[in-house]
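To keep things clear, I will list the structure first and then write my remarks on it.
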Amino acid sequence: MILQRRQRQALQGGYIVVLHTHGRNGQYHPHLHVLATSGGYDGLGDRWEHLSYLPYALLRRKWQWHLLTMLRQTLRTEAIAQLVDRCFRQYPTAW
């Protein structure tokens, strides 16, 4: 869990993610724009907890891990397995 209070209880945060397929110059350059809340609802969903710090390095690593793991599980080929392993080795602190 990324969003946690000091007592290590998970918070349900909110995210808006937009896939942008081109860069400023109009050429193909897929990337994501992510907006995240600065907190979340507690486990019961009845109280909002504000977080003064978001661990961006951890967010990047978790995003990379989930994406590459889904790729490996969805596209079960040796080429994808090698690509995923290479990405994990080449970018240990995420992209």
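We label chains A, B, ... in the order they appear in the structure tokens, count residues from 1 in each chain, and number ligands from 1 in the order shown.
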Among region 2-88 of chain A, which residues does DSSP mark as strand (DSSP E) when it is run on the backbone? Keep the chain and numbering as in the structure and answer as a ChimeraX atom specification. /A:15-22,28-36,39-41,48-50
Write to file, as a compact mmCIF listing (two decimals), in the first residue's frame, the residues of the selection just made, with N, CA and C atoms.
# COMPACT_ATOMS: atom_id res chain seq x y z
N TYR A 15 -7.02 8.79 -7.74
CA TYR A 15 -6.08 9.04 -8.82
C TYR A 15 -6.84 9.32 -10.10
N ILE A 16 -6.30 10.19 -10.91
CA ILE A 16 -6.76 10.39 -12.28
C ILE A 16 -5.53 10.16 -13.15
N VAL A 17 -5.64 9.24 -14.10
CA VAL A 17 -4.52 8.91 -14.97
C VAL A 17 -4.96 9.10 -16.41
N VAL A 18 -4.16 9.85 -17.17
CA VAL A 18 -4.47 10.12 -18.57
C VAL A 18 -3.29 9.65 -19.42
N LEU A 19 -3.58 8.84 -20.43
CA LEU A 19 -2.57 8.41 -21.37
C LEU A 19 -2.46 9.47 -22.46
N HIS A 20 -1.28 10.02 -22.60
CA HIS A 20 -1.01 11.06 -23.60
C HIS A 20 -0.12 10.41 -24.65
N THR A 21 -0.56 10.36 -25.90
CA THR A 21 0.17 9.59 -26.91
C THR A 21 1.17 10.40 -27.72
N HIS A 22 1.23 11.69 -27.53
CA HIS A 22 2.18 12.50 -28.31
C HIS A 22 2.83 13.55 -27.44
N TYR A 28 4.95 10.81 -31.95
CA TYR A 28 4.52 9.74 -31.05
C TYR A 28 5.44 9.67 -29.85
N HIS A 29 4.88 9.88 -28.67
CA HIS A 29 5.65 9.86 -27.43
C HIS A 29 4.68 9.51 -26.29
N PRO A 30 4.32 8.21 -26.17
CA PRO A 30 3.34 7.85 -25.14
C PRO A 30 3.89 8.06 -23.74
N HIS A 31 3.07 8.68 -22.90
CA HIS A 31 3.43 8.90 -21.50
C HIS A 31 2.15 9.12 -20.71
N LEU A 32 2.26 9.11 -19.41
CA LEU A 32 1.10 9.26 -18.53
C LEU A 32 1.17 10.56 -17.75
N HIS A 33 0.01 11.14 -17.54
CA HIS A 33 -0.14 12.25 -16.61
C HIS A 33 -0.96 11.70 -15.45
N VAL A 34 -0.45 11.85 -14.23
CA VAL A 34 -1.11 11.28 -13.06
C VAL A 34 -1.37 12.39 -12.05
N LEU A 35 -2.60 12.50 -11.62
CA LEU A 35 -2.98 13.38 -10.52
C LEU A 35 -3.39 12.49 -9.35
N ALA A 36 -2.84 12.75 -8.19
CA ALA A 36 -3.14 11.93 -7.01
C ALA A 36 -3.59 12.84 -5.87
N GLY A 39 -3.95 12.45 0.22
CA GLY A 39 -4.50 11.74 1.37
C GLY A 39 -5.49 10.70 0.89
N GLY A 40 -6.32 10.23 1.82
CA GLY A 40 -7.31 9.24 1.46
C GLY A 40 -8.25 8.96 2.61
N TYR A 41 -9.25 8.12 2.31
CA TYR A 41 -10.21 7.72 3.34
C TYR A 41 -9.64 6.56 4.15
N TRP A 48 -11.51 11.36 6.22
CA TRP A 48 -10.41 11.71 5.31
C TRP A 48 -9.16 11.98 6.12
N GLU A 49 -8.05 11.39 5.71
CA GLU A 49 -6.76 11.60 6.35
C GLU A 49 -5.85 12.33 5.37
N HIS A 50 -5.37 13.50 5.75
CA HIS A 50 -4.46 14.27 4.91
C HIS A 50 -3.03 13.77 5.14
Hey, what does DSSP flag as alpha helix (DSSP H) within chain A? Can you give it to me as an MDAnalysis selection string? chainID A and resid 56:74 78:90
Hey, what's within 12 Å of region 64-66 of chain A if we count only C-alpha atoms and toss same-chain stuff fewer than 6 positions away? As a list in words, please? Ala57, Leu58, Arg72, Gln73, Thr74, Val84, Asp85, Cys87, Phe88, Arg89, Tyr91, Pro92, Thr93, Ala94 and Trp95 of chain A
CA of Lys62 (chain A) and CA of Asp42 (chain A) are how many Å apart? 20.9 Å
CA of Gly13 (chain A) to CA of Gly45 (chain A), straight-line distance in Å: 10.5 Å
Record the distance separating CA of Arg61 (chain A) and CA of Gly23 (chain A), expressed in Å with one decimal.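 That distance, rounded to one decimal, is 23.5 Å.
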Residue among A:Arg86, A:Thr37, A:Leu44, A:Pro55 lying closest to Ala10 (chain A), counting only C-alpha atoms: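 When distances to Ala10 (chain A) are compared using only C-alpha atoms, the smallest one comes from A:Leu44.
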